[in-house]
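> Compact mmCIF, C-alpha atoms, saved as final_9.txt, coming up:
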# COMPACT_ATOMS: atom_id res chain seq x y z
CA MET Z 1 69.12 48.80 59.18
CA ALA Z 2 70.18 49.00 55.56
CA GLY Z 3 70.38 45.19 55.39
CA HIS Z 4 66.86 44.86 56.78
CA LEU Z 5 65.48 47.23 54.11
CA ALA Z 6 67.24 45.30 51.38
CA ARG Z 7 65.74 42.00 52.55
CA THR Z 8 62.28 43.62 52.72
CA SER Z 9 62.59 44.89 49.14
CA ARG Z 10 63.61 41.45 47.88
CA VAL Z 11 60.62 39.79 49.60
CA GLY Z 12 58.18 42.35 48.14
CA ALA Z 13 59.55 41.88 44.63
CA ALA Z 14 59.25 38.12 44.91
CA ALA Z 15 55.65 38.42 46.04
CA LEU Z 16 54.81 40.72 43.12
CA VAL Z 17 56.29 38.27 40.61
CA SER Z 18 54.24 35.42 42.12
CA LEU Z 19 51.01 37.40 41.83
CA LEU Z 20 51.66 38.26 38.17
CA ALA Z 21 52.41 34.63 37.33
CA ALA Z 22 49.25 33.41 39.04
CA GLY Z 23 47.15 35.97 37.17
CA CYS Z 24 48.47 34.84 33.80
CA THR Z 25 47.86 31.15 34.59
CA THR Z 26 44.26 31.76 35.71
CA GLY Z 27 43.41 33.66 32.54
CA ALA Z 28 44.68 30.83 30.35
CA GLU Z 29 42.57 28.22 32.18
CA SER Z 30 39.29 30.23 32.06
CA ASP Z 31 39.39 30.96 28.31
CA PRO Z 32 40.49 27.81 26.38
CA PRO Z 33 40.70 27.98 22.59
CA ALA Z 34 37.56 26.87 20.69
CA PRO Z 35 37.90 23.39 19.07
CA ALA Z 36 38.06 23.20 15.29
CA PRO Z 37 34.70 22.16 13.64
CA ALA Z 38 34.48 18.52 12.57
CA PRO Z 39 34.34 17.95 8.80
CA ALA Z 40 30.85 17.29 7.41
CA SER Z 41 30.11 13.63 6.66
CA VAL Z 42 29.07 12.63 3.12
CA SER Z 43 26.72 9.67 2.52
CA LEU Z 44 27.73 7.35 -0.30
CA VAL Z 45 24.31 5.63 -0.39
CA PRO Z 46 21.66 7.48 -2.48
CA PRO Z 47 18.10 7.70 -1.09
CA PRO Z 48 15.58 5.20 -2.50
CA GLN Z 49 13.62 6.34 -5.53
CA ALA Z 50 9.97 5.66 -6.33
CA THR Z 51 11.04 3.95 -9.56
CA ASP Z 52 13.38 1.47 -7.86
CA GLU Z 53 12.61 -2.19 -8.51
CA PRO Z 54 11.63 -4.34 -5.50
CA GLY Z 55 14.44 -6.44 -4.10
CA ASP Z 56 15.33 -8.73 -1.22
CA GLU Z 57 17.83 -8.14 1.60
CA LEU Z 58 20.72 -8.97 -0.74
CA GLY Z 59 19.65 -6.40 -3.30
CA ILE Z 60 18.53 -9.02 -5.82
CA VAL Z 61 15.64 -7.71 -7.93
CA THR Z 62 12.44 -9.74 -7.60
CA ARG Z 63 9.59 -9.65 -10.10
CA ASP Z 64 6.49 -11.47 -8.93
CA SER Z 65 3.79 -12.32 -11.46
CA ARG Z 66 1.15 -13.50 -8.98
CA THR Z 67 -0.02 -12.89 -5.44
CA MET Z 68 -2.56 -14.25 -2.99
CA ILE Z 69 -4.38 -12.36 -0.22
CA ARG Z 70 -6.13 -14.09 2.69
CA ASP Z 71 -8.89 -12.07 4.33
CA PRO Z 72 -10.38 -12.76 7.78
CA ALA Z 73 -14.04 -13.69 8.11
CA ALA Z 74 -16.86 -11.38 9.24
CA ASP Z 75 -15.22 -8.07 8.31
CA VAL Z 76 -17.96 -6.53 6.12
CA TRP Z 77 -18.82 -2.91 6.94
CA LEU Z 78 -22.21 -1.19 6.65
CA LEU Z 79 -22.22 2.56 6.03
CA ARG Z 80 -25.37 4.64 6.61
CA GLY Z 81 -24.97 8.30 5.72
CA THR Z 82 -22.81 10.07 8.29
CA ALA Z 83 -23.29 7.38 10.95
CA ARG Z 84 -20.30 5.45 12.18
CA PRO Z 85 -19.57 2.27 10.14
CA VAL Z 86 -20.63 -0.98 11.79
CA ARG Z 87 -19.65 -4.57 11.04
CA VAL Z 88 -22.34 -6.86 9.67
CA ARG Z 89 -22.57 -10.56 8.86
CA LEU Z 90 -23.01 -10.82 5.10
CA PRO Z 91 -21.48 -14.07 3.76
CA SER Z 92 -22.05 -13.17 0.11
CA LEU Z 93 -19.74 -10.14 0.46
CA ASP Z 94 -17.34 -11.65 2.96
CA LEU Z 95 -14.10 -12.15 1.01
CA ARG Z 96 -11.83 -14.93 2.23
CA ARG Z 97 -9.19 -15.08 -0.48
CA VAL Z 98 -8.07 -13.15 -3.56
CA ASP Z 99 -5.72 -14.52 -6.24
CA VAL Z 100 -4.19 -12.22 -8.87
CA ARG Z 101 -2.06 -13.39 -11.81
CA HIS Z 102 -0.42 -11.28 -14.49
CA LEU Z 103 0.06 -13.48 -17.55
CA ASP Z 104 1.47 -12.60 -20.96
CA SER Z 105 -2.06 -12.49 -22.35
CA ALA Z 106 -4.26 -11.20 -19.51
CA VAL Z 107 -4.65 -10.23 -15.87
CA LEU Z 108 -6.68 -12.79 -13.91
CA VAL Z 109 -8.44 -11.98 -10.63
CA ARG Z 110 -10.25 -14.65 -8.63
CA LEU Z 111 -12.36 -13.83 -5.57
CA ARG Z 112 -13.45 -16.45 -3.06
CA PHE Z 113 -16.28 -15.68 -0.61
CA THR Z 114 -17.71 -17.27 2.51
CA ALA Z 115 -20.98 -18.08 0.68
CA LEU Z 116 -22.38 -16.75 -2.59
CA ARG Z 117 -26.15 -16.76 -3.05
CA ARG Z 118 -28.17 -16.49 -6.24
CA SER Z 119 -30.39 -13.75 -4.82
CA ASP Z 120 -27.51 -11.38 -4.03
CA ARG Z 121 -26.57 -8.54 -6.37
CA PRO Z 122 -23.13 -7.32 -5.38
CA MET Z 123 -20.75 -5.15 -7.40
CA TYR Z 124 -17.10 -6.08 -7.87
CA ASP Z 125 -14.79 -3.11 -8.43
CA LEU Z 126 -11.27 -3.68 -9.68
CA GLY Z 127 -8.68 -0.93 -9.74
CA LEU Z 128 -5.83 -2.02 -12.02
CA ARG Z 129 -2.94 0.40 -11.71
CA THR Z 130 -0.21 0.53 -14.36
CA ALA Z 131 2.56 2.98 -15.22
CA GLN Z 132 -0.11 5.01 -17.09
CA GLY Z 133 -2.37 5.28 -14.05
CA ARG Z 134 -5.34 3.33 -12.67
CA PHE Z 135 -7.97 1.59 -14.81
CA PHE Z 136 -11.39 1.00 -13.20
CA VAL Z 137 -13.38 -2.14 -13.98
CA ASP Z 138 -16.83 -2.79 -12.44
CA VAL Z 139 -18.56 -6.17 -12.74
CA GLY Z 140 -22.06 -6.97 -11.46
CA LEU Z 141 -23.65 -10.25 -10.37
CA VAL Z 142 -27.32 -10.92 -11.26
CA GLU Z 143 -29.15 -14.18 -10.53
CA GLY Z 144 -25.87 -15.84 -9.66
CA ARG Z 145 -24.25 -14.94 -12.99
CA ALA Z 146 -21.58 -12.37 -13.70
CA ALA Z 147 -22.18 -9.97 -16.56
CA ARG Z 148 -20.32 -10.82 -19.75
CA ARG Z 149 -19.35 -7.20 -20.17
CA PRO Z 150 -18.17 -4.85 -17.42
CA GLN Z 151 -20.66 -2.24 -16.30
CA ARG Z 152 -17.81 0.25 -16.28
CA PHE Z 153 -14.33 0.10 -17.81
CA VAL Z 154 -12.49 3.43 -17.92
CA SER Z 155 -8.89 4.42 -18.52
CA PRO Z 156 -6.80 6.64 -16.21
CA SER Z 157 -7.94 9.62 -18.30
CA GLY Z 158 -11.61 8.73 -17.72
CA ASP Z 159 -12.29 7.51 -21.26
CA ALA Z 160 -14.37 4.37 -21.82
CA VAL Z 161 -12.33 1.30 -22.77
CA SER Z 162 -13.57 -1.26 -25.28
CA CYS Z 163 -12.40 -4.72 -24.25
CA PRO Z 164 -13.77 -7.54 -26.50
CA GLY Z 165 -11.80 -10.28 -24.75
CA PHE Z 166 -13.09 -9.43 -21.28
CA ARG Z 167 -14.56 -12.37 -19.34
CA ALA Z 168 -16.28 -12.73 -15.95
CA ALA Z 169 -17.81 -15.81 -14.37
CA ALA Z 170 -19.37 -16.84 -11.06
CA ASP Z 171 -19.31 -20.31 -9.50
CA LEU Z 172 -21.92 -20.54 -6.75
CA ALA Z 173 -20.85 -24.07 -5.78
CA ARG Z 174 -17.28 -22.91 -5.12
CA HIS Z 175 -18.30 -19.41 -3.99
CA THR Z 176 -15.93 -17.75 -6.44
CA VAL Z 177 -16.02 -14.95 -9.00
CA SER Z 178 -13.35 -14.80 -11.70
CA VAL Z 179 -12.45 -11.86 -13.94
CA ARG Z 180 -10.16 -11.92 -16.98
CA VAL Z 181 -8.86 -8.62 -18.41
CA PRO Z 182 -6.76 -8.93 -21.61
CA ARG Z 183 -3.48 -7.02 -21.43
CA PRO Z 184 -4.16 -5.01 -24.64
CA CYS Z 185 -7.15 -3.43 -22.86
CA LEU Z 186 -4.66 -2.05 -20.32
CA GLY Z 187 -2.12 -0.91 -22.89
CA ASP Z 188 0.10 -4.01 -22.55
CA PRO Z 189 1.64 -2.84 -19.26
CA ALA Z 190 4.94 -4.15 -17.92
CA TRP Z 191 3.39 -4.41 -14.44
CA VAL Z 192 -0.02 -4.23 -12.76
CA SER Z 193 -1.14 -3.55 -9.20
CA ALA Z 194 -4.67 -4.73 -8.31
CA ARG Z 195 -7.06 -3.20 -5.78
CA VAL Z 196 -10.36 -4.95 -4.97
CA LEU Z 197 -13.58 -3.58 -3.48
CA VAL Z 198 -16.91 -5.40 -3.17
CA SER Z 199 -20.14 -3.56 -2.36
CA GLU Z 200 -23.90 -4.02 -2.28
CA PRO Z 201 -26.72 -1.57 -1.54
CA LEU Z 202 -28.77 -2.53 1.51
CA GLU Z 203 -31.78 -0.96 3.19
CA GLY Z 204 -30.60 2.34 4.57
CA GLY Z 205 -27.01 2.05 3.46
CA VAL Z 206 -24.28 0.27 1.50
CA ALA Z 207 -22.13 -2.67 2.61
CA TYR Z 208 -18.42 -2.70 1.70
CA GLU Z 209 -15.64 -5.26 1.86
CA ASN Z 210 -12.00 -5.17 0.75
CA PRO Z 211 -9.19 -7.68 1.38
CA HIS Z 212 -6.36 -5.17 1.78
CA ASN Z 213 -7.06 -3.96 5.33
CA SER Z 214 -9.64 -4.13 8.13
CA ARG Z 215 -11.48 -0.94 7.10
CA PRO Z 216 -14.32 -0.40 4.59
CA PHE Z 217 -11.95 0.98 1.93
CA SER Z 218 -8.28 0.81 0.99
CA GLU Z 219 -6.17 3.37 -0.86
CA PHE Z 220 -3.58 0.73 -1.72
CA GLY Z 221 -3.63 -2.56 -3.61
CA THR Z 222 -1.17 -5.36 -4.25
CA GLY Z 223 2.49 -4.90 -5.09
CA ARG Z 224 3.62 -4.72 -8.70
CA LEU Z 225 2.99 -7.91 -10.64
CA TYR Z 226 5.02 -8.37 -13.83
CA ALA Z 227 3.85 -10.18 -16.95
CA SER Z 228 4.83 -13.82 -17.05
CA GLY Z 229 3.72 -16.89 -18.94
In structure tokens, how does this file's structure come out?

Amino acid sequence: MAGHLARTSRVGAAALVSLLAAGCTTGAESDPPAPAPAPASVSLVPPPQATDEPGDELGIVTRDSRTMIRDPAADVWLLRGTARPVRVRLPSLDLRRVDVRHLDSAVLVRLRFTALRRSDRPMYDLGLRTAQGRFFVDVGLVEGRAARRPQRFVSPSGDAVSCPGFRAAADLARHTVSVRVPRPCLGDPAWVSARVLVSEPLEGGVAYENPHNSRPFSEFGTGRLYASG
């Protein structure tokens, strides 16, 4: 009898030890230690700045002095008050190509149209942006001839600009209008960006054309063009 009780006590003790061990193991598995936070990464490449020079895929700085824009045909817009703009066929306003050159002496802008006519009276608006801001130059066409002086030439501050060397000419045979703006009139800028808008009042509205996008107006012009001989 005594031997039986001793064996029973040993079995109970062994069972109790097993239960305690299992309880400790289960607690360890259900509550693992939190992993250490990964160190923050640091970028060695600075973000691009607005003053960065243009460059190619190799990082080589490029400085263009001229550019050419091709514009599709039949993309003149007519605006009448608050009505939705509609496209119209107006060859005398339909730009097909724009050439801009920034020389050491002047900025040259040449506009080529589908067909210029002597009876048309369009207005050619040039926005010439420099590091100082945007200059506005307006040139009119009357009886097939461009005005010798701009109808409006204002600085970024809104002041009138006197520009004795300014030239504008129209060639009806070649359907082109050329404008020459001497660099001193723009403050001898290191670079120029050109924006072009052509317009003409029509019955009940105004027709607009620009070569920079497919809409009546554009907020942006060409890239920076640097002075070059």
> When you count only C-alpha atoms, which of these residues is closest to Glu219 in chain Z: Z:Gly144, Z:Leu186, Z:Arg180, Z:Gly127?
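The answer is Z:Gly127, which sits nearest to Glu219 in chain Z.
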> Nearest residue to Arg148 in chain Z out of Z:Val161, Z:Ala173, Z:Ala74, Z:Val179, using all atoms listed in the file?
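Counting all atoms listed in the file, the residue closest to Arg148 in chain Z is Z:Val179.
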> Measure the distance from CA of Val137 in chain Z to CA of Val177 in chain Z in Å and round it to one decimal.
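Separation between CA of Val137 in chain Z and CA of Val177 in chain Z: 14.0 Å.
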> Which polymer residues have any atom within 10 Å of an atom of Asp104 in chain Z, counting only C-alpha atoms, with same-chain residues fewer than 4 positions away left out, as a CSV table (one decimal) with C-alpha atoms, keeping the file's coordinate frame?

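Here's the written file out-v5.csv:
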chain,number,residue,atom,x,y,z
Z,65,SER,CA,3.8,-12.3,-11.5
Z,182,PRO,CA,-6.8,-8.9,-21.6
Z,183,ARG,CA,-3.5,-7.0,-21.4
Z,188,ASP,CA,0.1,-4.0,-22.6
Z,189,PRO,CA,1.6,-2.8,-19.3
Z,190,ALA,CA,4.9,-4.2,-17.9
Z,226,TYR,CA,5.0,-8.4,-13.8
Z,227,ALA,CA,3.8,-10.2,-17.0
Z,228,SER,CA,4.8,-13.8,-17.0
Z,229,GLY,CA,3.7,-16.9,-18.9
> Can you tell me which residues surround Leu116 in chain Z at a distance of at most 6 Å, considering all atoms listed in the file, apart from same-chain residues fewer than 2 positions away, and format the answer as a PyMOL selection string?
chain Z and resi 92+172+175
> Between Z:Ala131, Z:Arg96, Z:Ala83, Z:Asp171, single out the one closest to Arg118 in chain Z, counting only C-alpha atoms.
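Result for the nearest residue to Arg118 in chain Z: Z:Asp171.
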> I'd like the interatomic distance between CA of Arg117 in chain Z and CA of Pro216 in chain Z, to a tenth of an Å.
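CA of Pro216 in chain Z lies at a distance of 21.6 Å from CA of Arg117 in chain Z.
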> I need every residue sitting at most 12 Å from the point (-18.9, -5.1, -12.3) (coordinates as in the file, all atoms listed in the file considered), written as a PyMOL selection string.
chain Z and resi 121-127+136-142+145-153+166-170+177-179+196-200
> Out of Z:Arg224, Z:Ser157, Z:Gly204, Z:Arg66, which residue has the shortest atom-to-atom distance to Leu108 in chain Z when counting all atoms listed in the file?
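Comparing Z:Arg224, Z:Ser157, Z:Gly204, Z:Arg66 against Leu108 in chain Z, the winner is Z:Arg66.
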> One decimal, Å: what's the distance from CA of Val86 in chain Z over to CA of Glu209 in chain Z, could you say?
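Atom-to-atom, CA of Val86 in chain Z to CA of Glu209 in chain Z, that is 11.9 Å.
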> Could you please give me, as a PyMOL selection string, the residues of protein, DNA or RNA lying at most 10 Å from (-24.6, -12.6, 5.3) in the coordinate frame of the file, considering only C-alpha atoms?
chain Z and resi 74+76+88-94+114-117+120
> Next, the residues of the selection above should be written as a tab-separated table (two decimals), keeping the file's coordinate frame with C-alpha atoms.

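part_11.tsv was written with the following content:
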chain	number	residue	atom	x	y	z
Z	74	ALA	CA	-16.86	-11.38	9.24
Z	76	VAL	CA	-17.96	-6.53	6.12
Z	88	VAL	CA	-22.34	-6.86	9.67
Z	89	ARG	CA	-22.57	-10.56	8.86
Z	90	LEU	CA	-23.01	-10.82	5.10
Z	91	PRO	CA	-21.48	-14.07	3.76
Z	92	SER	CA	-22.05	-13.17	0.11
Z	93	LEU	CA	-19.74	-10.14	0.46
Z	94	ASP	CA	-17.34	-11.65	2.96
Z	114	THR	CA	-17.71	-17.27	2.51
Z	115	ALA	CA	-20.98	-18.08	0.68
Z	116	LEU	CA	-22.38	-16.75	-2.59
Z	117	ARG	CA	-26.15	-16.76	-3.05
Z	120	ASP	CA	-27.51	-11.38	-4.03
> Nearest to Arg174 in chain Z among Z:Leu103, Z:Leu78, Z:Arg110, Z:Asp71, with distances taken over all atoms listed in the file: which residue is it?
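Once distances to Arg174 in chain Z are computed over all atoms listed in the file, the minimum belongs to Z:Arg110.
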> Any idea what's packed within 7 Å of Ser193 in chain Z, counting only C-alpha atoms, ignoring anything in its chain fewer than 4 positions away? Could you give it as a PyMOL selection string?
chain Z and resi 128-130+221-225
> For a quick check of understanding, using only C-alpha atoms, which of Z:Cys163, Z:Val100, Z:Val206, Z:Leu95 has the smallest distance to Asp64 in chain Z?
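Distance minimum relative to Asp64 in chain Z lands on Z:Val100.
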